[in-house]
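Have a look at the structure below, then the notes.
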Amino acid sequence: MSAIERLEVGQRMSRIVKHNGTIYLCGQVAADANADITEQTQTMLDKVEALLRQAGSDKEHILSATVYIRDMKDFAAMNAVWDAWVAEGHAPARACVEARMARPELLVEVSVVAAEK
């Protein structure tokens, strides 16, 4: 049985969990919750990239992503940032759902599963 490695462990969750060459990130939100959907999406994805680097991976190794968006009226603007961020030929499996957020000012959140490099 292989070991489970947990990084940045808190009482409620670990920011990164690694097991059998797979990396699981906790949900990521914007650096500034008062920004618009474009900036919230970009800073959220920047945080994903930083965590993946810390875990020994990168965005080209993302296997799946689940995007939670507060209001589908922001879907096109969020996708514009997402599409520019995803490397050509490396789009992960993805779902996007409208959801109530933990804080009302948050517009978008993403949960990511990736492979180690």
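A note on labels: chains of the structure tokens are A, B, ... as shown, every chain counts residues from 1, and ligands are counted from 1 in their shown order.
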- Task: Run DSSP on the backbone and grab whatever in stretch 15-105 of chain A lands in alpha helix (DSSP H); send it over as a count of residues only.
- Result: 30
- Within 8 Å of A:Val110, counting only C-alpha atoms, which residues show up once you throw out same-chain ones fewer than 6 positions away? Write them as a VMD selection string, please. chain A and resid 27 to 29 44 65 to 68
- Could you tell me, as a VMD selection string, which residues of chain A DSSP assigns to strand (DSSP E or B) when given the backbone? chain A and resid 5 to 9 14 to 19 22 to 25 28 to 29 62 to 69 93 to 98 108 to 115
Restricting the output to C-alpha atoms, write the selected residues as an mmCIF file, in the first residue's frame.
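Written out: again.cif:
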```
data_model
loop_
_atom_site.group_PDB
_atom_site.id
_atom_site.type_symbol
_atom_site.label_atom_id
_atom_site.label_comp_id
_atom_site.auth_asym_id
_atom_site.auth_seq_id
_atom_site.Cartn_x
_atom_site.Cartn_y
_atom_site.Cartn_z
ATOM 1 C CA GLU A 5 1.421 12.607 1.487
ATOM 2 C CA ARG A 6 -0.393 15.683 2.792
ATOM 3 C CA LEU A 7 1.026 19.193 2.390
ATOM 4 C CA GLU A 8 -0.091 22.340 4.182
ATOM 5 C CA VAL A 9 -2.285 20.385 6.550
ATOM 6 C CA SER A 14 -4.950 19.766 3.408
ATOM 7 C CA ARG A 15 -4.168 22.154 0.551
ATOM 8 C CA ILE A 16 -2.433 19.316 -1.348
ATOM 9 C CA VAL A 17 -2.790 15.540 -1.075
ATOM 10 C CA LYS A 18 -0.570 13.179 -3.113
ATOM 11 C CA HIS A 19 -1.198 9.475 -3.625
ATOM 12 C CA THR A 22 -1.947 11.747 -8.375
ATOM 13 C CA ILE A 23 -2.238 15.222 -6.852
ATOM 14 C CA TYR A 24 -5.473 16.528 -5.345
ATOM 15 C CA LEU A 25 -5.809 20.233 -4.605
ATOM 16 C CA GLN A 28 -9.019 27.421 -4.853
ATOM 17 C CA VAL A 29 -10.603 30.859 -4.909
ATOM 18 C CA ILE A 62 -4.168 18.488 -14.842
ATOM 19 C CA LEU A 63 -6.438 15.475 -15.282
ATOM 20 C CA SER A 64 -9.729 17.031 -14.235
ATOM 21 C CA ALA A 65 -11.145 20.278 -12.915
ATOM 22 C CA THR A 66 -14.482 21.146 -11.386
ATOM 23 C CA VAL A 67 -15.351 24.833 -11.637
ATOM 24 C CA TYR A 68 -17.973 26.307 -9.346
ATOM 25 C CA ILE A 69 -19.389 29.627 -10.518
ATOM 26 C CA ALA A 93 -11.728 16.819 -18.261
ATOM 27 C CA ARG A 94 -13.862 19.610 -16.805
ATOM 28 C CA ALA A 95 -17.249 20.272 -15.268
ATOM 29 C CA CYS A 96 -18.698 23.677 -14.464
ATOM 30 C CA VAL A 97 -21.665 24.132 -12.163
ATOM 31 C CA GLU A 98 -23.482 27.096 -10.694
ATOM 32 C CA VAL A 108 -15.626 31.314 -8.803
ATOM 33 C CA GLU A 109 -13.814 28.339 -7.264
ATOM 34 C CA VAL A 110 -11.989 25.386 -8.795
ATOM 35 C CA SER A 111 -11.044 21.928 -7.552
ATOM 36 C CA VAL A 112 -8.222 20.202 -9.446
ATOM 37 C CA VAL A 113 -6.810 16.680 -9.788
ATOM 38 C CA ALA A 114 -3.446 16.349 -11.561
ATOM 39 C CA ALA A 115 -0.737 13.824 -12.299
#
```
- Skip stretch 71-76 of chain A itself and residues of its chain fewer than 4 positions away, then list as number ranges by chain all residues within 8 Å of it, counting only C-alpha atoms. A: 37, 80, 98-99, 107
Would you output that residue set with N, CA and C atoms, as a PDB file, in the first residue's frame?
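Saved file result-v4.pdb follows:
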```
ATOM      1  N   ILE A  37     -15.062  39.008 -12.128  1.00  0.00           N
ATOM      2  CA  ILE A  37     -14.916  37.593 -12.481  1.00  0.00           C
ATOM      3  C   ILE A  37     -13.621  37.319 -13.232  1.00  0.00           C
ATOM      4  N   ALA A  80     -13.209  32.798 -20.907  1.00  0.00           N
ATOM      5  CA  ALA A  80     -12.199  33.545 -21.661  1.00  0.00           C
ATOM      6  C   ALA A  80     -10.845  33.464 -20.957  1.00  0.00           C
ATOM      7  N   GLU A  98     -23.117  25.916 -11.470  1.00  0.00           N
ATOM      8  CA  GLU A  98     -23.482  27.096 -10.694  1.00  0.00           C
ATOM      9  C   GLU A  98     -23.672  26.663  -9.253  1.00  0.00           C
ATOM     10  N   ALA A  99     -23.084  27.419  -8.323  1.00  0.00           N
ATOM     11  CA  ALA A  99     -23.143  27.021  -6.917  1.00  0.00           C
ATOM     12  C   ALA A  99     -23.122  28.234  -5.998  1.00  0.00           C
ATOM     13  N   LEU A 107     -16.857  34.689  -6.609  1.00  0.00           N
ATOM     14  CA  LEU A 107     -17.575  34.453  -7.859  1.00  0.00           C
ATOM     15  C   LEU A 107     -17.243  33.113  -8.490  1.00  0.00           C
TER      16      LEU A 107
END
```
- Message: Report, in Å to a single decimal, how far apart atom CA of A:Gly56 and atom CA of A:Glu116 are.
- Response: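 Interatomic distance, atom CA of A:Glu116 to atom CA of A:Gly56: 5.8 Å.
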- Task: Determine the nearest neighbour of A:Asn34 from the options A:Arg70, A:Leu106, A:Lys117, A:Asp58, counting only C-alpha atoms.
- Result: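 Closest to A:Asn34, using only C-alpha atoms: A:Leu106.
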- atom CA of A:Ala33 to atom CA of A:Leu51 measures 19.0 Å
- Query: How many Å lie between atom CA of A:Thr43 and atom CA of A:Ala30, rounded to one decimal?
  - Reply: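 Between atom CA of A:Thr43 and atom CA of A:Ala30 the gap works out to 5.2 Å.
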